[in-house]
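One structure is given below, encoded as structure tokens.
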Amino acid sequence: MTQDQYVLAIETSCDETAVAIVKNERELVANVVASQIESHKRFGGVVPEIASRHHIEQITLTLETALEEGALKADDMNAIAVTEGPGLVGALLVGVNAAKALAFAKEKPLIGVHHIAGHIYANRLEKEFTFPLLSLVVSGGHTELILMKEHGSFEVIGETRDDAAGEAYDKVARTLKLPYPGGPHIDKLAAEGEEVIDFPRAWLEADSYDFSFSGLKSAVINKLHNAKQKGETLKPEDVAASFQASVVDVLSTKAYRAAKDYGIKQIIVAGGVAANQGLRKALHEKFEGTDTDLLIPPLHLCTDNAAMIAAAGAVAFNQGHRAGYDLNANPALSLERYGQRKDND
């Protein structure tokens, strides 16, 4: 009888202190997240120093709670995984050092994980991957199309040239005087409005899978400012609906074209913006009736969490990857270079 394998993971790349345990690569045993949203809301965004301080305060309690939730001990773990980057360097350091301390104390292998690889592998907790697959990564800091031909292999075929989609959402939300984080509020407001404003869509070159949302963001902000100067009133819900229509049209169309061009068997969506209902609907409409399997994670696995890091870490562990105690926070870690690591590096 094969013995069960447990991987504990720590995620502290931004403003969520999270610890999770995954069994046999795909079964979620425990998933604990300590959110900092209320602390950062008054500033309209994440304050790195405050985020780091909260991680220090929450990391031990979050770790203990995850082990209790899973009815397991640290000694039961086969490996300790942790987000090494990208992210806020001070926040990353808290998780990396906690993971190194735990791995050293319990004599367990240490696994460094790329944050975006984690978002991608959150989907595997729901359904097994089918290669070749395409991942549409959409978050506050990333908008990318990533081709995967096998586990642990990542090829970026399209990326944002300026603002990420989530970043554009937050900036437009701020102009509409919506609370932080802005994305969910824009999404909710858009459902109540109509697409009556023709905002631009940046398609770029005909054969490009890249994205650009800076112009769209500026167009929305300028439209609101010009209306205010003229004494005109624009319905916030219509602005939100028109803005979101532009974003999801570009995202879904480019993902569909890339999936067709590369003969993709499965397309998965990853990142915080994967929770966006408008994007989910547009993608379902695009891929309905096609041979490409669409996989979007449940809402609790879209935003930052440690379950995704454990899922990616378990695969890396079984591929033979190990980190030394010199593992450090790497806020600019490249996903492609991360995927090109050699065994035991």
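Note on naming: chains are A, B, ... as they come in the structure tokens, residues start from 1 per chain, ligands start from 1 in the order shown.
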
Counting only C-alpha atoms, what is within 7 Å of Asn78 (chain A), bar same-chain residues fewer than 5 positions away, as an MDAnalysis selection string? chainID A and resid 5:7 108

Go ahead and dump the residues you just picked, all heavy atoms, as a PDB file, in the first residue's frame.
ATOM      1  N   GLN A   5       1.223  11.099   0.943  1.00  0.00           N
ATOM      2  CA  GLN A   5       2.241  12.143   0.945  1.00  0.00           C
ATOM      3  C   GLN A   5       1.597  13.486   1.301  1.00  0.00           C
ATOM      4  O   GLN A   5       0.582  13.861   0.727  1.00  0.00           O
ATOM      5  CB  GLN A   5       2.890  12.236  -0.436  1.00  0.00           C
ATOM      6  CG  GLN A   5       3.978  13.289  -0.550  1.00  0.00           C
ATOM      7  CD  GLN A   5       4.443  13.471  -1.982  1.00  0.00           C
ATOM      8  OE1 GLN A   5       3.912  14.283  -2.717  1.00  0.00           O
ATOM      9  NE2 GLN A   5       5.424  12.669  -2.384  1.00  0.00           N
ATOM     10  N   TYR A   6       2.204  14.187   2.251  1.00  0.00           N
ATOM     11  CA  TYR A   6       1.669  15.484   2.678  1.00  0.00           C
ATOM     12  C   TYR A   6       2.698  16.580   2.437  1.00  0.00           C
ATOM     13  O   TYR A   6       3.876  16.434   2.788  1.00  0.00           O
ATOM     14  CB  TYR A   6       1.325  15.456   4.173  1.00  0.00           C
ATOM     15  CG  TYR A   6       0.198  14.519   4.524  1.00  0.00           C
ATOM     16  CD1 TYR A   6       0.462  13.225   4.985  1.00  0.00           C
ATOM     17  CD2 TYR A   6      -1.128  14.918   4.407  1.00  0.00           C
ATOM     18  CE1 TYR A   6      -0.564  12.353   5.314  1.00  0.00           C
ATOM     19  CE2 TYR A   6      -2.169  14.050   4.738  1.00  0.00           C
ATOM     20  CZ  TYR A   6      -1.875  12.774   5.185  1.00  0.00           C
ATOM     21  OH  TYR A   6      -2.902  11.917   5.510  1.00  0.00           O
ATOM     22  N   VAL A   7       2.246  17.676   1.831  1.00  0.00           N
ATOM     23  CA  VAL A   7       3.093  18.855   1.627  1.00  0.00           C
ATOM     24  C   VAL A   7       2.411  20.048   2.292  1.00  0.00           C
ATOM     25  O   VAL A   7       1.248  20.355   2.001  1.00  0.00           O
ATOM     26  CB  VAL A   7       3.323  19.141   0.135  1.00  0.00           C
ATOM     27  CG1 VAL A   7       4.067  20.464  -0.037  1.00  0.00           C
ATOM     28  CG2 VAL A   7       4.116  18.005  -0.510  1.00  0.00           C
ATOM     29  N   LYS A 108      12.958  18.323   7.171  1.00  0.00           N
ATOM     30  CA  LYS A 108      12.115  18.064   6.007  1.00  0.00           C
ATOM     31  C   LYS A 108      12.675  18.789   4.776  1.00  0.00           C
ATOM     32  O   LYS A 108      13.273  19.859   4.902  1.00  0.00           O
ATOM     33  CB  LYS A 108      10.678  18.552   6.258  1.00  0.00           C
ATOM     34  CG  LYS A 108      10.011  17.930   7.475  1.00  0.00           C
ATOM     35  CD  LYS A 108       9.807  16.436   7.303  1.00  0.00           C
ATOM     36  CE  LYS A 108       9.111  15.837   8.530  1.00  0.00           C
ATOM     37  NZ  LYS A 108       8.920  14.365   8.392  1.00  0.00           N
TER      38      LYS A 108
END

Which residues of region 53-127 of chain A have any atom within 9 Å of an atom in region 274-296 of chain A when counting only C-alpha atoms, and what is the closest pair of atoms for each, with the distance in Å to one decimal? Order the rows by chain and rising number and write it as JSON lines.
{"residue": "A:Asn123", "atom": "CA", "partner": "A:Ile296", "partner_atom": "CA", "distance": 6.8}
{"residue": "A:Glu126", "atom": "CA", "partner": "A:Leu295", "partner_atom": "CA", "distance": 8.5}
{"residue": "A:Lys127", "atom": "CA", "partner": "A:Leu295", "partner_atom": "CA", "distance": 7.9}

Using only C-alpha atoms, which residues sit within 12 Å of Ala270 (chain A) once same-chain residues fewer than 5 positions away are excluded, as a ChimeraX atom specification? /A:115-124,134-140,142-146,275-276,279-280,294-304,308

Contacts of Lys23 (chain A) at 12 Å (only C-alpha atoms; same-chain gap of 6+ positions) as a short mmCIF file (atom, residue, chain, number, x, y, z; two decimals) with all heavy atoms, in the first residue's frame:
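Wrote it out as around30.cif, contents follow:
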data_model
loop_
_atom_site.label_atom_id
_atom_site.label_comp_id
_atom_site.auth_asym_id
_atom_site.auth_seq_id
_atom_site.Cartn_x
_atom_site.Cartn_y
_atom_site.Cartn_z
N GLN A 3 2.09 4.85 0.74
CA GLN A 3 1.89 5.76 1.86
C GLN A 3 1.49 7.14 1.36
O GLN A 3 1.98 7.62 0.35
CB GLN A 3 3.18 5.86 2.68
CG GLN A 3 3.01 6.63 3.99
CD GLN A 3 4.27 6.58 4.82
OE1 GLN A 3 5.30 6.07 4.37
NE2 GLN A 3 4.20 7.10 6.03
N ASP A 4 0.56 7.77 2.08
CA ASP A 4 0.11 9.11 1.69
C ASP A 4 1.25 10.11 1.82
O ASP A 4 2.11 10.00 2.69
CB ASP A 4 -1.07 9.54 2.57
CG ASP A 4 -2.34 8.77 2.27
OD1 ASP A 4 -2.53 8.39 1.11
OD2 ASP A 4 -3.14 8.55 3.19
N GLN A 5 1.22 11.10 0.94
CA GLN A 5 2.24 12.14 0.95
C GLN A 5 1.60 13.49 1.30
O GLN A 5 0.58 13.86 0.73
CB GLN A 5 2.89 12.24 -0.44
CG GLN A 5 3.98 13.29 -0.55
CD GLN A 5 4.44 13.47 -1.98
OE1 GLN A 5 3.91 14.28 -2.72
NE2 GLN A 5 5.42 12.67 -2.38
N TYR A 6 2.20 14.19 2.25
CA TYR A 6 1.67 15.48 2.68
C TYR A 6 2.70 16.58 2.44
O TYR A 6 3.88 16.43 2.79
CB TYR A 6 1.33 15.46 4.17
CG TYR A 6 0.20 14.52 4.52
CD1 TYR A 6 0.46 13.22 4.98
CD2 TYR A 6 -1.13 14.92 4.41
CE1 TYR A 6 -0.56 12.35 5.31
CE2 TYR A 6 -2.17 14.05 4.74
CZ TYR A 6 -1.88 12.77 5.19
OH TYR A 6 -2.90 11.92 5.51
N VAL A 7 2.25 17.68 1.83
CA VAL A 7 3.09 18.86 1.63
C VAL A 7 2.41 20.05 2.29
O VAL A 7 1.25 20.35 2.00
CB VAL A 7 3.32 19.14 0.13
CG1 VAL A 7 4.07 20.46 -0.04
CG2 VAL A 7 4.12 18.00 -0.51
N LEU A 8 3.14 20.68 3.19
CA LEU A 8 2.65 21.90 3.84
C LEU A 8 3.25 23.09 3.12
O LEU A 8 4.44 23.08 2.78
CB LEU A 8 3.03 21.91 5.31
CG LEU A 8 2.58 23.13 6.14
CD1 LEU A 8 2.24 22.70 7.58
CD2 LEU A 8 3.66 24.23 6.18
N ALA A 9 2.44 24.11 2.88
CA ALA A 9 2.93 25.28 2.15
C ALA A 9 2.59 26.57 2.88
O ALA A 9 1.57 26.69 3.57
CB ALA A 9 2.34 25.32 0.75
N VAL A 29 -6.25 19.25 2.34
CA VAL A 29 -6.51 18.78 3.70
C VAL A 29 -6.79 19.95 4.64
O VAL A 29 -7.64 19.87 5.53
CB VAL A 29 -5.32 17.95 4.22
CG1 VAL A 29 -5.50 17.58 5.68
CG2 VAL A 29 -5.12 16.71 3.37
N ALA A 30 -6.07 21.04 4.47
CA ALA A 30 -6.25 22.23 5.31
C ALA A 30 -5.90 23.46 4.50
O ALA A 30 -4.99 23.43 3.67
CB ALA A 30 -5.38 22.14 6.56
N ASN A 31 -6.63 24.54 4.75
CA ASN A 31 -6.37 25.78 4.01
C ASN A 31 -6.78 26.96 4.89
O ASN A 31 -7.98 27.22 5.06
CB ASN A 31 -7.15 25.79 2.70
CG ASN A 31 -6.75 26.94 1.80
OD1 ASN A 31 -5.63 27.43 1.85
ND2 ASN A 31 -7.67 27.38 0.95
N GLY A 70 -6.07 20.10 9.79
CA GLY A 70 -5.78 18.85 9.10
C GLY A 70 -5.58 17.67 10.02
O GLY A 70 -5.37 16.55 9.55
N LEU A 72 -3.07 16.99 11.84
CA LEU A 72 -1.74 16.48 11.54
C LEU A 72 -0.70 17.23 12.36
O LEU A 72 -0.98 18.26 12.96
CB LEU A 72 -1.43 16.64 10.05
CG LEU A 72 -2.27 15.81 9.08
CD1 LEU A 72 -2.17 16.37 7.67
CD2 LEU A 72 -1.83 14.35 9.11
N ASP A 76 4.52 14.92 10.35
CA ASP A 76 3.84 14.10 9.35
C ASP A 76 4.10 14.58 7.92
O ASP A 76 3.77 13.88 6.96
CB ASP A 76 2.32 14.12 9.59
CG ASP A 76 1.94 13.52 10.94
OD1 ASP A 76 2.60 12.55 11.35
OD2 ASP A 76 1.00 14.02 11.57
N MET A 77 4.64 15.77 7.78
CA MET A 77 4.84 16.34 6.44
C MET A 77 6.00 15.67 5.72
O MET A 77 7.00 15.32 6.33
CB MET A 77 5.12 17.85 6.55
CG MET A 77 3.99 18.67 7.19
SD MET A 77 2.43 18.51 6.33
CE MET A 77 1.45 17.61 7.54
N ASN A 78 5.86 15.54 4.41
CA ASN A 78 6.94 15.02 3.58
C ASN A 78 7.83 16.14 3.05
O ASN A 78 8.99 15.90 2.68
CB ASN A 78 6.38 14.23 2.40
CG ASN A 78 5.68 12.96 2.85
OD1 ASN A 78 4.48 12.98 3.13
ND2 ASN A 78 6.41 11.86 2.94
N ALA A 79 7.27 17.34 2.98
CA ALA A 79 8.04 18.49 2.50
C ALA A 79 7.37 19.78 2.93
O ALA A 79 6.16 19.80 3.23
CB ALA A 79 8.18 18.45 0.98
N LEU A 125 -6.27 21.17 -8.13
CA LEU A 125 -6.98 20.68 -6.95
C LEU A 125 -8.43 20.35 -7.29
O LEU A 125 -9.12 19.68 -6.53
CB LEU A 125 -6.93 21.73 -5.84
CG LEU A 125 -5.54 22.01 -5.25
CD1 LEU A 125 -5.59 23.22 -4.33
CD2 LEU A 125 -5.01 20.79 -4.51
N ALA A 307 -2.96 26.85 -0.53
CA ALA A 307 -3.32 25.57 -1.14
C ALA A 307 -2.68 25.46 -2.52
O ALA A 307 -2.16 24.41 -2.91
CB ALA A 307 -4.84 25.45 -1.25
N ALA A 310 0.98 24.70 -2.18
CA ALA A 310 1.18 23.29 -1.82
C ALA A 310 1.00 22.39 -3.04
O ALA A 310 1.74 21.42 -3.23
CB ALA A 310 0.20 22.89 -0.71
N ALA A 311 0.00 22.71 -3.88
CA ALA A 311 -0.26 21.90 -5.08
C ALA A 311 0.92 21.97 -6.04
O ALA A 311 1.37 20.95 -6.58
CB ALA A 311 -1.54 22.37 -5.76
N GLY A 313 3.98 22.96 -5.19
CA GLY A 313 5.14 22.46 -4.45
C GLY A 313 5.22 20.95 -4.44
O GLY A 313 6.32 20.37 -4.51
N ALA A 314 4.07 20.29 -4.37
CA ALA A 314 4.05 18.83 -4.37
C ALA A 314 4.57 18.27 -5.69
O ALA A 314 5.32 17.29 -5.72
CB ALA A 314 2.63 18.33 -4.11
N VAL A 315 4.18 18.92 -6.80
CA VAL A 315 4.67 18.49 -8.11
C VAL A 315 6.19 18.70 -8.21
O VAL A 315 6.92 17.82 -8.65
CB VAL A 315 3.95 19.26 -9.23
CG1 VAL A 315 4.60 18.98 -10.59
CG2 VAL A 315 2.48 18.88 -9.27
#

Using only C-alpha atoms, which of A:Ser214, A:Asn305, A:Gln244, A:Asn97 sits nearest Asp15 (chain A)?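 Once distances to Asp15 (chain A) are computed over only C-alpha atoms, the minimum belongs to A:Asn305.
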
Can you list, as a ChimeraX atom specification, every residue of region 139-343 of chain A that DSSP puts in alpha helix (DSSP H)? /A:165-175,182-190,214-229,236-261,277-287,307-318,335-339

My list of candidates is A:Ile80, A:Ile267, A:Ile50, A:Ala240. Which is closest to Lys177 (chain A) when distances are computed with only C-alpha atoms?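 Using only C-alpha atoms, the shortest distance to Lys177 (chain A) belongs to A:Ala240.
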
Within 12 Å of Ala316 (chain A) using only C-alpha atoms, minus same-chain residues under 6 positions, as a PyMOL selection string: chain A and resi 7+25+79-82+109-114+117-118+121+151-153+309-310+322-323+338-345

Fewer than 6 positions away in the same chain doesn't count, so skip those; otherwise give me all residues within 9 Å of Leu216 (chain A), counting only C-alpha atoms, as a list in words.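 Those residues are Ala168, Phe199, Pro200, Arg201, Ala202, Phe243, Ser246 and Val247 of chain A.
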
Any chance you can output those residues with N, CA, C and O atoms as a PDB file, in the first residue's frame?
ATOM      1  N   ALA A 168      -5.614  47.773 -13.623  1.00  0.00           N
ATOM      2  CA  ALA A 168      -6.535  48.698 -14.288  1.00  0.00           C
ATOM      3  C   ALA A 168      -7.871  48.735 -13.546  1.00  0.00           C
ATOM      4  O   ALA A 168      -8.463  49.813 -13.379  1.00  0.00           O
ATOM      5  N   PHE A 199     -15.613  52.080 -25.061  1.00  0.00           N
ATOM      6  CA  PHE A 199     -14.223  52.217 -24.631  1.00  0.00           C
ATOM      7  C   PHE A 199     -13.316  51.415 -25.565  1.00  0.00           C
ATOM      8  O   PHE A 199     -13.741  50.413 -26.147  1.00  0.00           O
ATOM      9  N   PRO A 200     -12.057  51.823 -25.726  1.00  0.00           N
ATOM     10  CA  PRO A 200     -11.153  51.158 -26.687  1.00  0.00           C
ATOM     11  C   PRO A 200     -10.751  49.751 -26.265  1.00  0.00           C
ATOM     12  O   PRO A 200     -10.777  49.407 -25.086  1.00  0.00           O
ATOM     13  N   ARG A 201     -10.392  48.958 -27.275  1.00  0.00           N
ATOM     14  CA  ARG A 201      -9.849  47.620 -27.060  1.00  0.00           C
ATOM     15  C   ARG A 201      -8.480  47.572 -27.728  1.00  0.00           C
ATOM     16  O   ARG A 201      -8.386  47.786 -28.941  1.00  0.00           O
ATOM     17  N   ALA A 202      -7.454  47.285 -26.958  1.00  0.00           N
ATOM     18  CA  ALA A 202      -6.090  47.281 -27.497  1.00  0.00           C
ATOM     19  C   ALA A 202      -5.760  45.879 -28.022  1.00  0.00           C
ATOM     20  O   ALA A 202      -5.330  45.004 -27.275  1.00  0.00           O
ATOM     21  N   PHE A 243     -16.413  49.416 -19.190  1.00  0.00           N
ATOM     22  CA  PHE A 243     -14.998  49.121 -18.937  1.00  0.00           C
ATOM     23  C   PHE A 243     -14.765  47.617 -18.897  1.00  0.00           C
ATOM     24  O   PHE A 243     -13.862  47.092 -19.559  1.00  0.00           O
ATOM     25  N   SER A 246     -14.830  45.797 -22.254  1.00  0.00           N
ATOM     26  CA  SER A 246     -13.589  45.937 -23.018  1.00  0.00           C
ATOM     27  C   SER A 246     -12.525  44.964 -22.519  1.00  0.00           C
ATOM     28  O   SER A 246     -11.856  44.288 -23.319  1.00  0.00           O
ATOM     29  N   VAL A 247     -12.359  44.874 -21.205  1.00  0.00           N
ATOM     30  CA  VAL A 247     -11.339  43.997 -20.621  1.00  0.00           C
ATOM     31  C   VAL A 247     -11.601  42.534 -20.972  1.00  0.00           C
ATOM     32  O   VAL A 247     -10.715  41.827 -21.479  1.00  0.00           O
TER      33      VAL A 247
END

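Within the 7 Å cut-off around region 326-330 of chain A, using only C-alpha atoms and omitting residues fewer than 4 positions from it on the same chain, the listed residues are Glu84, Gly85, Pro86, Val89, Leu92, Leu93 and Val96 of chain A.
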
Go ahead and write the selection's residues with all heavy atoms as a PDB file, in the first residue's frame.
ATOM      1  N   GLU A  84       8.594  31.769  -2.982  1.00  0.00           N
ATOM      2  CA  GLU A  84       9.867  32.507  -2.938  1.00  0.00           C
ATOM      3  C   GLU A  84       9.802  33.785  -3.772  1.00  0.00           C
ATOM      4  O   GLU A  84      10.652  34.661  -3.646  1.00  0.00           O
ATOM      5  CB  GLU A  84      11.014  31.626  -3.411  1.00  0.00           C
ATOM      6  CG  GLU A  84      10.901  31.113  -4.834  1.00  0.00           C
ATOM      7  CD  GLU A  84      12.142  30.352  -5.283  1.00  0.00           C
ATOM      8  OE1 GLU A  84      13.232  30.964  -5.321  1.00  0.00           O
ATOM      9  OE2 GLU A  84      12.015  29.151  -5.596  1.00  0.00           O
ATOM     10  N   GLY A  85       8.793  33.919  -4.618  1.00  0.00           N
ATOM     11  CA  GLY A  85       8.624  35.111  -5.432  1.00  0.00           C
ATOM     12  C   GLY A  85       7.657  34.823  -6.561  1.00  0.00           C
ATOM     13  O   GLY A  85       7.248  33.667  -6.749  1.00  0.00           O
ATOM     14  N   PRO A  86       7.256  35.824  -7.307  1.00  0.00           N
ATOM     15  CA  PRO A  86       7.475  37.245  -7.040  1.00  0.00           C
ATOM     16  C   PRO A  86       6.536  37.746  -5.949  1.00  0.00           C
ATOM     17  O   PRO A  86       5.656  37.019  -5.505  1.00  0.00           O
ATOM     18  CB  PRO A  86       7.167  37.892  -8.395  1.00  0.00           C
ATOM     19  CG  PRO A  86       6.169  36.966  -9.019  1.00  0.00           C
ATOM     20  CD  PRO A  86       6.544  35.583  -8.574  1.00  0.00           C
ATOM     21  N   VAL A  89       9.088  42.096  -1.206  1.00  0.00           N
ATOM     22  CA  VAL A  89      10.259  41.427  -0.632  1.00  0.00           C
ATOM     23  C   VAL A  89      10.132  41.235   0.878  1.00  0.00           C
ATOM     24  O   VAL A  89      10.465  40.164   1.408  1.00  0.00           O
ATOM     25  CB  VAL A  89      11.555  42.180  -1.002  1.00  0.00           C
ATOM     26  CG1 VAL A  89      11.582  43.588  -0.413  1.00  0.00           C
ATOM     27  CG2 VAL A  89      12.781  41.388  -0.572  1.00  0.00           C
ATOM     28  N   LEU A  92       7.548  38.448   1.503  1.00  0.00           N
ATOM     29  CA  LEU A  92       8.100  37.149   1.118  1.00  0.00           C
ATOM     30  C   LEU A  92       9.074  36.608   2.155  1.00  0.00           C
ATOM     31  O   LEU A  92       9.092  35.410   2.456  1.00  0.00           O
ATOM     32  CB  LEU A  92       8.810  37.264  -0.232  1.00  0.00           C
ATOM     33  CG  LEU A  92       7.943  37.428  -1.481  1.00  0.00           C
ATOM     34  CD1 LEU A  92       8.803  37.864  -2.661  1.00  0.00           C
ATOM     35  CD2 LEU A  92       7.217  36.129  -1.816  1.00  0.00           C
ATOM     36  N   LEU A  93       9.910  37.506   2.700  1.00  0.00           N
ATOM     37  CA  LEU A  93      10.936  37.086   3.656  1.00  0.00           C
ATOM     38  C   LEU A  93      10.344  36.426   4.894  1.00  0.00           C
ATOM     39  O   LEU A  93      10.939  35.497   5.450  1.00  0.00           O
ATOM     40  CB  LEU A  93      11.796  38.290   4.067  1.00  0.00           C
ATOM     41  CG  LEU A  93      12.886  38.698   3.070  1.00  0.00           C
ATOM     42  CD1 LEU A  93      13.467  40.050   3.440  1.00  0.00           C
ATOM     43  CD2 LEU A  93      13.980  37.631   3.009  1.00  0.00           C
ATOM     44  N   VAL A  96       9.396  32.829   3.752  1.00  0.00           N
ATOM     45  CA  VAL A  96      10.597  32.052   3.424  1.00  0.00           C
ATOM     46  C   VAL A  96      11.338  31.646   4.687  1.00  0.00           C
ATOM     47  O   VAL A  96      11.750  30.483   4.843  1.00  0.00           O
ATOM     48  CB  VAL A  96      11.519  32.849   2.478  1.00  0.00           C
ATOM     49  CG1 VAL A  96      12.896  32.194   2.385  1.00  0.00           C
ATOM     50  CG2 VAL A  96      10.894  32.947   1.091  1.00  0.00           C
TER      51      VAL A  96
END

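Taking region 135-251 of chain A and asking which residues DSSP calls strand (DSSP E) on the backbone, you get Ser135, Leu136, Val137, Val138, Thr143, Glu144, Leu145, Ile146, Leu147, Met148, Glu155, Val156, Ile157, Gly158 and Glu159 of chain A.
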
Could those residues be written to a file, using all heavy atoms, as a compact mmCIF listing (two decimals), in the first residue's frame?
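Below is the file that was written, part-v2.txt:
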# COMPACT_ATOMS: atom_id res chain seq x y z
N SER A 135 -2.73 28.57 -19.86
CA SER A 135 -3.22 29.24 -18.66
C SER A 135 -3.34 30.73 -18.91
O SER A 135 -2.37 31.37 -19.34
CB SER A 135 -2.29 28.98 -17.47
OG SER A 135 -2.78 29.67 -16.32
N LEU A 136 -4.52 31.26 -18.66
CA LEU A 136 -4.74 32.70 -18.70
C LEU A 136 -4.59 33.20 -17.27
O LEU A 136 -5.44 32.93 -16.42
CB LEU A 136 -6.13 33.03 -19.24
CG LEU A 136 -6.57 34.50 -19.16
CD1 LEU A 136 -5.65 35.39 -20.00
CD2 LEU A 136 -8.02 34.65 -19.61
N VAL A 137 -3.49 33.88 -17.00
CA VAL A 137 -3.21 34.39 -15.66
C VAL A 137 -3.64 35.86 -15.60
O VAL A 137 -3.14 36.68 -16.36
CB VAL A 137 -1.72 34.27 -15.31
CG1 VAL A 137 -1.44 34.86 -13.93
CG2 VAL A 137 -1.27 32.81 -15.37
N VAL A 138 -4.58 36.16 -14.71
CA VAL A 138 -5.10 37.52 -14.62
C VAL A 138 -5.18 37.92 -13.15
O VAL A 138 -5.98 37.38 -12.39
CB VAL A 138 -6.51 37.65 -15.25
CG1 VAL A 138 -6.80 39.10 -15.60
CG2 VAL A 138 -6.66 36.77 -16.46
N THR A 143 -0.82 39.75 -16.14
CA THR A 143 -1.77 39.33 -17.17
C THR A 143 -0.94 38.63 -18.23
O THR A 143 -0.17 39.26 -18.95
CB THR A 143 -2.53 40.53 -17.78
OG1 THR A 143 -3.18 41.26 -16.72
CG2 THR A 143 -3.59 40.04 -18.75
N GLU A 144 -1.08 37.30 -18.30
CA GLU A 144 -0.21 36.50 -19.16
C GLU A 144 -0.96 35.32 -19.74
O GLU A 144 -1.92 34.82 -19.15
CB GLU A 144 0.98 35.97 -18.36
CG GLU A 144 1.89 37.05 -17.78
CD GLU A 144 2.82 36.53 -16.68
OE1 GLU A 144 2.43 35.58 -15.99
OE2 GLU A 144 3.91 37.10 -16.53
N LEU A 145 -0.50 34.86 -20.89
CA LEU A 145 -0.93 33.60 -21.46
C LEU A 145 0.28 32.67 -21.39
O LEU A 145 1.33 32.98 -21.95
CB LEU A 145 -1.38 33.77 -22.91
CG LEU A 145 -2.79 34.37 -23.10
CD1 LEU A 145 -3.02 34.73 -24.56
CD2 LEU A 145 -3.85 33.40 -22.61
N ILE A 146 0.13 31.55 -20.71
CA ILE A 146 1.25 30.65 -20.46
C ILE A 146 0.96 29.26 -21.02
O ILE A 146 -0.05 28.64 -20.68
CB ILE A 146 1.53 30.56 -18.94
CG1 ILE A 146 1.94 31.95 -18.42
CG2 ILE A 146 2.63 29.54 -18.66
CD1 ILE A 146 1.96 32.05 -16.92
N LEU A 147 1.83 28.81 -21.89
CA LEU A 147 1.71 27.50 -22.51
C LEU A 147 2.45 26.47 -21.66
O LEU A 147 3.60 26.67 -21.28
CB LEU A 147 2.31 27.54 -23.92
CG LEU A 147 2.40 26.21 -24.68
CD1 LEU A 147 1.01 25.68 -24.99
CD2 LEU A 147 3.20 26.40 -25.98
N MET A 148 1.77 25.37 -21.37
CA MET A 148 2.37 24.26 -20.63
C MET A 148 2.25 22.98 -21.45
O MET A 148 1.14 22.57 -21.80
CB MET A 148 1.70 24.09 -19.27
CG MET A 148 1.95 25.21 -18.29
SD MET A 148 1.15 24.90 -16.68
CE MET A 148 2.07 23.44 -16.11
N GLU A 155 5.88 28.38 -20.62
CA GLU A 155 6.32 29.26 -21.71
C GLU A 155 5.35 30.43 -21.84
O GLU A 155 4.17 30.23 -22.15
CB GLU A 155 6.38 28.49 -23.03
CG GLU A 155 6.84 29.36 -24.21
CD GLU A 155 6.79 28.64 -25.54
OE1 GLU A 155 6.59 27.39 -25.55
OE2 GLU A 155 6.92 29.31 -26.58
N VAL A 156 5.82 31.62 -21.59
CA VAL A 156 4.97 32.81 -21.68
C VAL A 156 4.85 33.20 -23.15
O VAL A 156 5.83 33.62 -23.78
CB VAL A 156 5.57 33.98 -20.86
CG1 VAL A 156 4.67 35.22 -21.00
CG2 VAL A 156 5.70 33.59 -19.39
N ILE A 157 3.64 33.08 -23.71
CA ILE A 157 3.44 33.43 -25.13
C ILE A 157 2.76 34.79 -25.27
O ILE A 157 2.68 35.33 -26.38
CB ILE A 157 2.63 32.35 -25.86
CG1 ILE A 157 1.21 32.23 -25.28
CG2 ILE A 157 3.35 31.02 -25.83
CD1 ILE A 157 0.30 31.34 -26.11
N GLY A 158 2.27 35.34 -24.18
CA GLY A 158 1.65 36.65 -24.21
C GLY A 158 1.67 37.26 -22.83
O GLY A 158 1.52 36.55 -21.83
N GLU A 159 1.87 38.58 -22.75
CA GLU A 159 1.91 39.25 -21.45
C GLU A 159 1.53 40.71 -21.61
O GLU A 159 1.52 41.24 -22.72
CB GLU A 159 3.29 39.12 -20.82
CG GLU A 159 4.41 39.72 -21.65
CD GLU A 159 5.78 39.38 -21.10
OE1 GLU A 159 5.89 39.09 -19.91
OE2 GLU A 159 6.75 39.41 -21.87
